[in-house]
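Have a look at input13.cif below; it lists mmCIF, C-alpha atoms.
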data_final
loop_
_atom_site.label_atom_id
_atom_site.label_comp_id
_atom_site.auth_asym_id
_atom_site.auth_seq_id
_atom_site.Cartn_x
_atom_site.Cartn_y
_atom_site.Cartn_z
CA MET L 1 42.72 -29.73 67.26
CA ARG L 2 41.85 -26.06 67.61
CA LEU L 3 44.82 -25.11 69.81
CA PRO L 4 46.81 -23.41 67.02
CA GLN L 5 43.85 -21.17 66.25
CA VAL L 6 43.37 -20.29 69.94
CA ASN L 7 47.07 -19.49 70.31
CA ALA L 8 46.94 -17.29 67.21
CA VAL L 9 44.00 -15.33 68.60
CA ARG L 10 45.77 -14.88 71.93
CA ALA L 11 48.92 -13.72 70.17
CA ALA L 12 46.99 -11.20 68.12
CA ALA L 13 45.27 -9.90 71.24
CA GLY L 14 48.64 -9.56 72.93
CA LEU L 15 50.00 -7.53 70.05
CA CYS L 16 46.99 -5.20 70.20
CA LEU L 17 47.77 -4.47 73.84
CA LEU L 18 51.36 -3.48 73.12
CA LEU L 19 50.27 -0.03 71.93
CA LEU L 20 47.88 1.77 74.26
CA VAL L 21 47.06 5.39 73.60
CA SER L 22 47.58 7.07 76.95
CA GLY L 23 46.72 10.70 76.24
CA CYS L 24 46.84 13.65 73.93
CA ALA L 25 47.61 17.33 74.36
CA THR L 26 47.43 20.61 72.49
CA ARG L 27 49.64 23.58 73.34
CA SER L 28 50.63 26.88 71.81
CA ILE L 29 54.03 27.37 70.19
CA SER L 30 54.39 30.21 72.70
CA ASP L 31 53.81 27.83 75.61
CA SER L 32 55.73 24.84 74.27
CA GLY L 33 57.70 23.77 77.34
CA TYR L 34 57.39 20.20 78.58
CA GLN L 35 54.24 19.93 80.67
CA GLY L 36 54.34 16.29 81.72
CA ASP L 37 51.11 14.55 82.59
CA SER L 38 49.42 17.81 83.61
CA GLY L 39 49.91 19.11 80.06
CA ARG L 40 47.43 16.53 78.82
CA TYR L 41 44.71 18.51 80.53
CA GLY L 42 45.73 21.90 79.14
CA ARG L 43 47.34 23.39 82.26
CA SER L 44 50.40 25.54 81.62
CA HIS L 45 53.39 25.89 83.94
CA ASN L 46 54.65 28.99 82.10
CA THR L 47 53.62 32.00 84.18
CA ALA L 48 54.78 34.41 81.43
CA TYR L 49 52.22 32.99 79.01
CA GLN L 50 49.05 35.09 79.08
CA GLY L 51 47.10 33.65 76.15
CA GLU L 52 46.85 34.44 72.45
CA LEU L 53 46.02 37.33 70.18
CA THR L 54 42.95 36.82 68.03
CA GLU L 55 42.38 37.62 64.38
CA PHE L 56 39.95 40.30 65.60
CA ASN L 57 42.82 41.94 67.54
CA VAL L 58 45.28 41.84 64.68
CA LEU L 59 43.07 42.53 61.65
CA GLY L 60 40.98 45.33 63.12
CA ILE L 61 37.63 43.55 62.98
CA ASP L 62 35.15 45.28 65.29
CA THR L 63 32.01 43.19 65.60
CA THR L 64 30.15 46.05 67.32
CA VAL L 65 30.25 48.21 64.17
CA PRO L 66 27.45 47.59 61.63
CA VAL L 67 28.60 46.47 58.17
CA THR L 68 26.85 47.63 55.02
CA ASP L 69 26.92 46.23 51.50
CA GLU L 70 28.41 49.52 50.33
CA ALA L 71 31.32 49.14 52.74
CA ILE L 72 31.93 45.60 51.54
CA ARG L 73 31.94 46.70 47.89
CA ALA L 74 34.29 49.58 48.68
CA ALA L 75 36.70 47.19 50.44
CA LEU L 76 36.74 44.90 47.41
CA GLU L 77 37.22 47.72 44.93
CA SER L 78 40.09 49.29 46.87
CA ARG L 79 41.94 46.03 47.37
CA GLN L 80 45.45 45.91 45.90
CA LYS L 81 48.01 43.18 45.40
CA MET L 82 50.13 42.59 48.51
CA THR L 83 53.90 42.48 48.00
CA VAL L 84 56.90 42.37 50.32
CA ALA L 85 60.28 43.40 48.93
CA LYS L 86 63.21 41.17 49.78
CA ASN L 87 65.39 42.49 52.62
CA SER L 88 62.70 45.01 53.60
CA PRO L 89 61.87 45.53 57.30
CA VAL L 90 58.82 43.60 58.53
CA MET L 91 57.35 43.75 62.02
CA LEU L 92 57.37 40.15 63.29
CA VAL L 93 54.83 39.13 65.93
CA GLN L 94 54.40 35.68 67.48
CA SER L 95 50.99 35.40 69.11
CA GLY L 96 51.32 34.77 72.84
CA ALA L 97 55.07 35.49 73.07
CA MET L 98 56.99 38.52 74.26
CA ILE L 99 59.43 38.02 71.36
CA PRO L 100 59.34 35.64 68.38
CA ASP L 101 61.11 32.30 68.68
CA GLU L 102 64.78 32.38 67.73
CA ALA L 103 64.22 29.75 65.03
CA MET L 104 61.66 32.00 63.32
CA VAL L 105 63.88 35.08 63.56
CA LYS L 106 66.73 33.08 62.02
CA ALA L 107 64.60 31.79 59.14
CA PHE L 108 63.00 35.21 58.60
CA SER L 109 66.36 36.99 58.51
CA GLN L 110 67.36 35.11 55.36
CA TYR L 111 64.79 37.09 53.33
CA TYR L 112 63.70 40.10 55.41
CA GLN L 113 64.74 42.36 58.26
CA PRO L 114 62.67 41.27 61.28
CA ILE L 115 61.48 43.94 63.70
CA ALA L 116 60.48 41.92 66.75
CA PHE L 117 57.35 43.04 68.59
CA SER L 118 55.38 41.62 71.50
CA GLY L 119 52.53 39.22 70.75
CA ARG L 120 51.13 39.07 74.27
CA PRO L 121 47.45 40.07 74.40
CA GLU L 122 46.76 43.63 75.54
CA ARG L 123 44.83 43.74 78.82
CA THR L 124 44.47 47.53 79.17
CA GLU L 125 40.83 48.60 79.41
CA GLY L 126 39.58 50.94 76.72
CA LYS L 127 42.11 49.92 74.04
CA THR L 128 39.66 48.35 71.64
CA ASN L 129 41.54 49.28 68.46
CA TYR L 130 44.52 47.00 69.02
CA ALA L 131 45.09 46.61 65.27
CA GLY L 132 45.35 50.37 64.86
CA HIS L 133 47.90 50.66 67.66
CA LEU L 134 49.89 47.81 66.14
CA ARG L 135 49.93 49.51 62.73
CA MET L 136 50.94 52.81 64.34
CA ALA L 137 53.85 51.13 66.13
CA ALA L 138 54.96 49.61 62.83
CA ALA L 139 54.65 52.96 61.03
CA ARG L 140 56.80 54.69 63.64
CA SER L 141 59.50 52.08 63.06
CA GLY L 142 59.40 52.67 59.30
CA THR L 143 57.89 49.26 58.64
CA GLU L 144 55.28 48.82 55.90
CA LYS L 145 54.22 45.24 56.67
CA ILE L 146 53.37 43.24 59.78
CA MET L 147 53.55 39.45 59.95
CA VAL L 148 51.66 37.81 62.81
CA TYR L 149 51.71 34.06 63.24
CA TRP L 150 49.93 31.55 65.47
CA GLY L 151 50.85 27.91 66.03
CA LEU L 152 49.60 24.75 67.71
CA LEU L 153 51.55 21.68 68.77
CA GLU L 154 49.40 18.56 68.92
CA SER L 155 50.76 15.39 70.47
CA GLY L 156 49.54 11.91 71.28
CA ARG L 157 51.31 9.30 73.38
CA GLU L 158 51.29 5.54 72.96
CA ASN L 159 52.28 3.45 75.95
CA LEU L 160 54.62 0.61 74.98
CA SER L 161 54.65 -2.59 77.05
CA THR L 162 57.94 -2.96 78.97
CA LYS L 163 56.95 -5.65 81.43
CA VAL L 164 59.63 -8.00 80.13
CA VAL L 165 62.28 -5.88 81.84
CA SER L 166 60.32 -4.76 84.90
CA TRP L 167 62.47 -6.97 87.12
CA VAL L 168 65.41 -4.55 86.59
CA PRO L 169 64.05 -1.36 88.23
CA ILE L 170 67.35 0.52 88.08
CA LEU L 171 67.29 0.25 84.30
CA GLY L 172 63.57 0.83 83.93
CA ALA L 173 64.00 4.54 83.31
CA LEU L 174 66.34 3.82 80.39
CA VAL L 175 63.99 1.52 78.49
CA PRO L 176 61.78 3.31 75.92
CA ASP L 177 58.20 2.90 77.10
CA GLU L 178 56.38 5.67 75.21
CA ASN L 179 56.01 6.59 71.59
CA GLN L 180 55.06 10.27 71.13
CA ARG L 181 53.56 11.54 67.91
CA MET L 182 53.65 15.30 67.48
CA ARG L 183 52.34 17.67 64.82
CA ILE L 184 52.72 21.42 64.33
CA ARG L 185 50.28 23.68 62.51
CA LEU L 186 50.82 27.38 61.78
CA LYS L 187 48.58 30.23 60.65
CA VAL L 188 50.11 33.44 59.28
CA ALA L 189 48.62 36.89 58.71
CA LEU L 190 50.34 39.57 56.62
CA VAL L 191 49.03 43.09 57.26
CA ASP L 192 49.69 46.22 55.20
CA VAL L 193 50.49 49.05 57.61
CA LYS L 194 49.24 51.87 55.37
CA THR L 195 45.88 50.44 54.33
CA GLY L 196 45.09 47.75 56.90
CA GLN L 197 44.60 45.26 54.07
CA TRP L 198 45.56 41.71 55.03
CA GLU L 199 45.99 38.18 53.77
CA MET L 200 46.32 34.88 55.60
CA PHE L 201 47.88 31.53 54.75
CA SER L 202 48.95 28.30 56.43
CA PRO L 203 52.03 26.26 55.55
CA GLU L 204 51.73 22.49 55.47
CA PRO L 205 51.68 20.77 58.88
CA PHE L 206 54.71 18.74 59.92
CA GLU L 207 54.78 15.56 62.01
CA ASP L 208 57.36 13.62 63.98
CA VAL L 209 57.45 10.38 65.98
CA ASP L 210 59.98 9.58 68.68
CA PHE L 211 60.47 7.10 71.52
CA SER L 212 61.26 8.08 75.09
CA SER L 213 61.78 6.57 78.53
CA ARG L 214 60.78 7.94 81.91
CA GLY L 215 64.21 9.48 82.32
CA SER L 216 64.30 11.12 78.89
CA ARG L 217 60.67 12.20 78.47
CA ALA L 218 61.24 15.95 78.77
CA ALA L 219 64.37 15.99 76.59
CA THR L 220 62.67 13.95 73.85
CA ASP L 221 59.60 16.15 73.94
CA GLN L 222 61.59 19.37 73.63
CA ALA L 223 63.74 17.92 70.84
CA GLN L 224 60.56 17.18 68.90
CA VAL L 225 59.26 20.69 69.54
CA ALA L 226 62.50 22.26 68.30
CA LEU L 227 62.60 20.06 65.20
CA LEU L 228 59.02 20.77 64.21
CA LYS L 229 59.27 24.50 64.89
CA ASP L 230 62.37 24.75 62.72
CA LYS L 231 60.66 22.95 59.82
CA ALA L 232 57.39 24.89 60.11
CA TYR L 233 59.04 28.30 60.48
CA ARG L 234 61.26 27.79 57.45
CA ALA L 235 58.24 26.61 55.44
CA ALA L 236 56.23 29.68 56.51
CA VAL L 237 58.96 32.10 55.50
CA MET L 238 59.49 30.37 52.17
CA GLN L 239 55.75 30.49 51.44
CA LEU L 240 55.67 34.19 52.39
CA PHE L 241 58.60 34.93 50.10
CA TYR L 242 57.24 33.12 47.05
CA LYS L 243 53.65 34.30 47.57
CA PHE L 244 54.37 37.98 48.14
CA SER L 245 57.76 38.56 46.54
CA SER L 246 57.79 41.85 44.60
#
Would you encode the structure as structure tokens?
Amino acid sequence: MRLPQVNAVRAAAGLCLLLLVSGCATRSISDSGYQGDSGRYGRSHNTAYQGELTEFNVLGIDTTVPVTDEAIRAALESRQKMTVAKNSPVMLVQSGAMIPDEAMVKAFSQYYQPIAFSGRPERTEGKTNYAGHLRMAAARSGTEKIMVYWGLLESGRENLSTKVVSWVPILGALVPDENQRMRIRLKVALVDVKTGQWEMFSPEPFEDVDFSSRGSRAATDQAQVALLKDKAYRAAVMQLFYKFSS
């Protein structure tokens, strides 16, 4: 009799079909609202979001200017250790956002005095030296350091089989039918206002997994976003403090 073996194979195949990856998405921390199915294709519903700053914007890297070996040696020789005194004012910029997220401001305030500044990309023609204008704005506020940070939220959804309760349509929206895995990754740049010298670092990524139903999809998604942002922001500030504490 080979029936037990056949049944075992069928059972294993059934289990494999219980989890079906239905899509993945990447979005900025500055455009982190729930985007539904359309978000899987990178389309934003946030009309205030105008894209991201680039490292070239923030760090003053002009690719049209020739670079010589002498200039590279001079940059290395003039480099000094970067420090940030506790409770000192620091201009805080979240790439892509008009103001930094509240969770970052809260975490940052435990060690420094945040001076919030817009991180929306500058569209004005002729303003090629964005980094210089940013440093000038910081200087006029009496701030000696600028912290700019970028972040990505990456998520993947697994469709869970709920056919066993499909005969109760009124309750269908309450039965968890998706498992969303989400990860956040940050990149941070610290810029010295006086010299333009800079350093970059990335805190460890954080992940979370949660179940949702059709009726709770948006709430579950945004709860994951808030949880991961809080963890990542606190980790970034802690790493800044221990790495650059004077």
Convert the output of the PyMOL selection byres ((chain L and resi 175-190) around 8) on the shown file into explicit residues, formatted as a ChimeraX atom specification.
/L:145-162,171-174,191-192,198-214,221,224,228-229,232,236
Output of the above residues as a PDB file, keeping the file's coordinate frame, restricted to C-alpha atoms:
ATOM      1  CA  LYS L 145      54.220  45.240  56.670  1.00  0.00           C
ATOM      2  CA  ILE L 146      53.370  43.240  59.780  1.00  0.00           C
ATOM      3  CA  MET L 147      53.550  39.450  59.950  1.00  0.00           C
ATOM      4  CA  VAL L 148      51.660  37.810  62.810  1.00  0.00           C
ATOM      5  CA  TYR L 149      51.710  34.060  63.240  1.00  0.00           C
ATOM      6  CA  TRP L 150      49.930  31.550  65.470  1.00  0.00           C
ATOM      7  CA  GLY L 151      50.850  27.910  66.030  1.00  0.00           C
ATOM      8  CA  LEU L 152      49.600  24.750  67.710  1.00  0.00           C
ATOM      9  CA  LEU L 153      51.550  21.680  68.770  1.00  0.00           C
ATOM     10  CA  GLU L 154      49.400  18.560  68.920  1.00  0.00           C
ATOM     11  CA  SER L 155      50.760  15.390  70.470  1.00  0.00           C
ATOM     12  CA  GLY L 156      49.540  11.910  71.280  1.00  0.00           C
ATOM     13  CA  ARG L 157      51.310   9.300  73.380  1.00  0.00           C
ATOM     14  CA  GLU L 158      51.290   5.540  72.960  1.00  0.00           C
ATOM     15  CA  ASN L 159      52.280   3.450  75.950  1.00  0.00           C
ATOM     16  CA  LEU L 160      54.620   0.610  74.980  1.00  0.00           C
ATOM     17  CA  SER L 161      54.650  -2.590  77.050  1.00  0.00           C
ATOM     18  CA  THR L 162      57.940  -2.960  78.970  1.00  0.00           C
ATOM     19  CA  LEU L 171      67.290   0.250  84.300  1.00  0.00           C
ATOM     20  CA  GLY L 172      63.570   0.830  83.930  1.00  0.00           C
ATOM     21  CA  ALA L 173      64.000   4.540  83.310  1.00  0.00           C
ATOM     22  CA  LEU L 174      66.340   3.820  80.390  1.00  0.00           C
ATOM     23  CA  VAL L 191      49.030  43.090  57.260  1.00  0.00           C
ATOM     24  CA  ASP L 192      49.690  46.220  55.200  1.00  0.00           C
ATOM     25  CA  TRP L 198      45.560  41.710  55.030  1.00  0.00           C
ATOM     26  CA  GLU L 199      45.990  38.180  53.770  1.00  0.00           C
ATOM     27  CA  MET L 200      46.320  34.880  55.600  1.00  0.00           C
ATOM     28  CA  PHE L 201      47.880  31.530  54.750  1.00  0.00           C
ATOM     29  CA  SER L 202      48.950  28.300  56.430  1.00  0.00           C
ATOM     30  CA  PRO L 203      52.030  26.260  55.550  1.00  0.00           C
ATOM     31  CA  GLU L 204      51.730  22.490  55.470  1.00  0.00           C
ATOM     32  CA  PRO L 205      51.680  20.770  58.880  1.00  0.00           C
ATOM     33  CA  PHE L 206      54.710  18.740  59.920  1.00  0.00           C
ATOM     34  CA  GLU L 207      54.780  15.560  62.010  1.00  0.00           C
ATOM     35  CA  ASP L 208      57.360  13.620  63.980  1.00  0.00           C
ATOM     36  CA  VAL L 209      57.450  10.380  65.980  1.00  0.00           C
ATOM     37  CA  ASP L 210      59.980   9.580  68.680  1.00  0.00           C
ATOM     38  CA  PHE L 211      60.470   7.100  71.520  1.00  0.00           C
ATOM     39  CA  SER L 212      61.260   8.080  75.090  1.00  0.00           C
ATOM     40  CA  SER L 213      61.780   6.570  78.530  1.00  0.00           C
ATOM     41  CA  ARG L 214      60.780   7.940  81.910  1.00  0.00           C
ATOM     42  CA  ASP L 221      59.600  16.150  73.940  1.00  0.00           C
ATOM     43  CA  GLN L 224      60.560  17.180  68.900  1.00  0.00           C
ATOM     44  CA  LEU L 228      59.020  20.770  64.210  1.00  0.00           C
ATOM     45  CA  LYS L 229      59.270  24.500  64.890  1.00  0.00           C
ATOM     46  CA  ALA L 232      57.390  24.890  60.110  1.00  0.00           C
ATOM     47  CA  ALA L 236      56.230  29.680  56.510  1.00  0.00           C
TER      48      ALA L 236
END
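CA of Ile115 in chain L is found 5.6 Å from CA of Leu92 in chain L.
Excluding range 67-78 of chain L and any residue on its chain fewer than 4 positions from it, the residues at most 10 Å away by only C-alpha atoms are Asp62, Thr63, Thr195 and Gln197 of chain L.
The two atoms in question, CA of Ser246 in chain L and CA of Gln80 in chain L, are spaced 13.1 Å apart.
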Run through the PyMOL selection byres ((chain L and resi 241) around 12) on the given coordinates and return the selected residues as a list in words.
Met82, Thr83, Val84, Ala85, Lys86, Asn87, Ser88, Ala107, Phe108, Ser109, Gln110, Tyr111, Tyr112, Met147, Leu190, Arg234, Ala235, Ala236, Val237, Met238, Gln239, Leu240, Tyr242, Lys243, Phe244, Ser245 and Ser246 of chain L
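The environment of Ala139 in chain L within 12 Å, counting only C-alpha atoms and disregarding residues fewer than 3 places along the same chain, consists of Pro89, Val90, Met91, Ile115, Gly132, His133, Leu134, Arg135, Met136, Gly142, Thr143, Glu144, Lys145, Ile146, Val191, Asp192, Val193, Lys194, Thr195 and Gly196 of chain L.
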